[in-house]
Amino acid sequence: MTTAKIVSFFLVMCTLHKQTPAYTTSSNKVSHFLSQQKEAPNGRRRFLEQTVSVVFGVAASSGFASPAMAVEEIVLPTKEAVTTAFDSIRYELQNPAGGVSIMQSRIDAQDFVGLMEFTRTYDLELRKLRMGKAKKLLQSKELKEQATSYANAVTFDLIGINRNSRSGQENVEGANKYLQELRDDVAKFLALENTIQTEG
């Protein structure tokens with residue numbers, strides 16, 4: 001039901017209430033209802049309240065909504081917000097002070113104790129915080145699913161590095177293998193940045 005029809009219906013009902021129900025051809029129940037409302041105390045006020053309730057009940061049941069509810073505004077992120085989120089991940093991958101460089105230096109020095117300790121907490125920093133924040137900026141279910149798969153792969157890469165640094169299982173080759181896989185998975189995640197539409 002359109003807004004115009006709802007308003008017209010309301011006006012017709014109000015008009016019927018003002019008139020005496022001398023005749024009606026559509027329904028005896030309507031006449032009876034109107035006469036009851038005239039005779040009862042505060043009938044006019046009660047009639048109008050009931051009519052308004054009926055009108056808006058019909059409007060609600062027919063899917064009528066205000067413009068604010070009917071139109072869902074899509075807010076695009078700023079270019080700066082996207083760059084900041086993905087740069088924080090890029091820092092971990094490329095910067096000499098980032099996590100990947102730290103792990104590589106500990107593998108090269110065969111500091112397996114330090115490497116194991118670092119990998120225990122690095123998943124929270126890289127995957128959950130940095131990658132998780134960037135994933136929220138992606139604009140489709142499919143892209144978010146891809147991002148989740150890459151982030152989960154990073155977790156398994158870190159588990160692999162950790163396993164190859166445990167006492168009695170120290171393995172430089174194995175640790176380097178999983179670290180390279182981590183680099184590849186993070187790079188795939190970073191490539192999703194180009195899919196994001198920004199404002200302006």
# chains A, B, ... in the order shown; residues from 1 in each chain; ligands from 1

call {"tool": "select_by_dssp", "arguments": {"residues": "segment 63-162 of chain A", "states": "alpha helix (DSSP H)", "output": "PyMOL selection string"}}
result
chain A and resi 67-70+79-94+99-108+112-123+132-135+141-162

call {"tool": "closest_atom_pairs", "arguments": {"of": "segment 134-160 of chain A", "to": "segment 97-100 of chain A", "cutoff": "12 Å", "atoms": "only C-alpha atoms", "output": "JSON lines"}}
result
{"residue": "A:Val154", "atom": "CA", "partner": "A:Val100", "partner_atom": "CA", "distance": 11.6}
{"residue": "A:Asp157", "atom": "CA", "partner": "A:Val100", "partner_atom": "CA", "distance": 11.7}
{"residue": "A:Leu158", "atom": "CA", "partner": "A:Val100", "partner_atom": "CA", "distance": 10.6}

call {"tool": "residues_around", "arguments": {"residues": "Leu190 of chain A", "least_positions_apart": "6", "cutoff": "9 Å", "atoms": "only C-alpha atoms", "output": "list in words"}}
result
Phe86, Asp87, Ile89 and Arg90 of chain A

call {"tool": "write_last_selection", "arguments": {"atoms": "N, CA and C atoms", "output": "PDB file, in the first residue's frame"}}
result
ATOM      1  N   PHE A  86      46.432  -1.955   6.025  1.00  0.00           N
ATOM      2  CA  PHE A  86      47.261  -2.907   5.283  1.00  0.00           C
ATOM      3  C   PHE A  86      48.750  -2.623   5.445  1.00  0.00           C
ATOM      4  N   ASP A  87      49.104  -1.368   5.671  1.00  0.00           N
ATOM      5  CA  ASP A  87      50.517  -1.046   5.918  1.00  0.00           C
ATOM      6  C   ASP A  87      51.012  -1.676   7.211  1.00  0.00           C
ATOM      7  N   ILE A  89      50.265  -4.562   8.275  1.00  0.00           N
ATOM      8  CA  ILE A  89      50.616  -5.943   7.928  1.00  0.00           C
ATOM      9  C   ILE A  89      51.885  -5.961   7.082  1.00  0.00           C
ATOM     10  N   ARG A  90      51.968  -5.025   6.148  1.00  0.00           N
ATOM     11  CA  ARG A  90      53.133  -4.925   5.274  1.00  0.00           C
ATOM     12  C   ARG A  90      54.410  -4.678   6.089  1.00  0.00           C
TER      13      ARG A  90
END

call {"tool": "atom_distance", "arguments": {"atom1": "atom CA of Phe156 of chain A", "atom2": "atom CA of Val186 of chain A"}}
result
12.3 Å

call {"tool": "residues_around", "arguments": {"residues": "Glu193 of chain A", "least_positions_apart": "2", "cutoff": "12 Å", "atoms": "only C-alpha atoms", "output": "number ranges by chain"}}
result
A: 77, 79, 81-87, 89-90, 131, 134-139, 143-144, 147, 186-191, 195-198

call {"tool": "write_last_selection", "arguments": {"atoms": "C-alpha atoms", "output": "JSON list (two decimals), in the first residue's frame"}}
result
[["chain", "number", "residue", "atom", "x", "y", "z"],
["A", 77, "PRO", "CA", 36.17, 3.66, 3.93],
["A", 79, "LYS", "CA", 41.84, 5.62, 1.34],
["A", 81, "ALA", "CA", 42.05, 4.01, 6.61],
["A", 82, "VAL", "CA", 42.63, 1.20, 4.12],
["A", 83, "THR", "CA", 46.29, 2.09, 3.62],
["A", 84, "THR", "CA", 46.91, 2.28, 7.36],
["A", 85, "ALA", "CA", 45.33, -1.12, 8.02],
["A", 86, "PHE", "CA", 47.26, -2.91, 5.28],
["A", 87, "ASP", "CA", 50.52, -1.05, 5.92],
["A", 89, "ILE", "CA", 50.62, -5.94, 7.93],
["A", 90, "ARG", "CA", 53.13, -4.92, 5.27],
["A", 131, "MET", "CA", 44.89, -9.07, 9.61],
["A", 134, "ALA", "CA", 42.10, -5.24, 7.61],
["A", 135, "LYS", "CA", 39.64, -8.05, 6.82],
["A", 136, "LYS", "CA", 36.75, -5.95, 8.13],
["A", 137, "LEU", "CA", 37.36, -3.45, 5.30],
["A", 138, "LEU", "CA", 36.75, -6.03, 2.58],
["A", 139, "GLN", "CA", 33.42, -5.53, 0.84],
["A", 143, "LEU", "CA", 36.68, -11.72, -0.32],
["A", 144, "LYS", "CA", 36.30, -12.03, 3.43],
["A", 147, "ALA", "CA", 41.06, -13.38, 3.73],
["A", 186, "VAL", "CA", 50.65, -12.78, 3.96],
["A", 187, "ALA", "CA", 51.42, -11.52, 0.45],
["A", 188, "LYS", "CA", 48.19, -13.10, -0.84],
["A", 189, "PHE", "CA", 46.28, -11.36, 1.93],
["A", 190, "LEU", "CA", 47.86, -8.01, 1.08],
["A", 191, "ALA", "CA", 46.78, -8.37, -2.57],
["A", 195, "THR", "CA", 39.71, -4.84, -4.29],
["A", 196, "ILE", "CA", 38.50, -2.25, -1.78],
["A", 197, "GLN", "CA", 36.51, 0.74, -3.04],
["A", 198, "THR", "CA", 37.19, 3.93, -1.13]]

call {"tool": "closest_residue", "arguments": {"among": "A:Leu93, A:Asn171, A:Ser88, A:Glu80", "to": "Gly132 of chain A", "atoms": "only C-alpha atoms"}}
result
A:Ser88

call {"tool": "atom_distance", "arguments": {"atom1": "atom CA of Met116 of chain A", "atom2": "atom CA of Ser165 of chain A"}}
result
5.6 Å
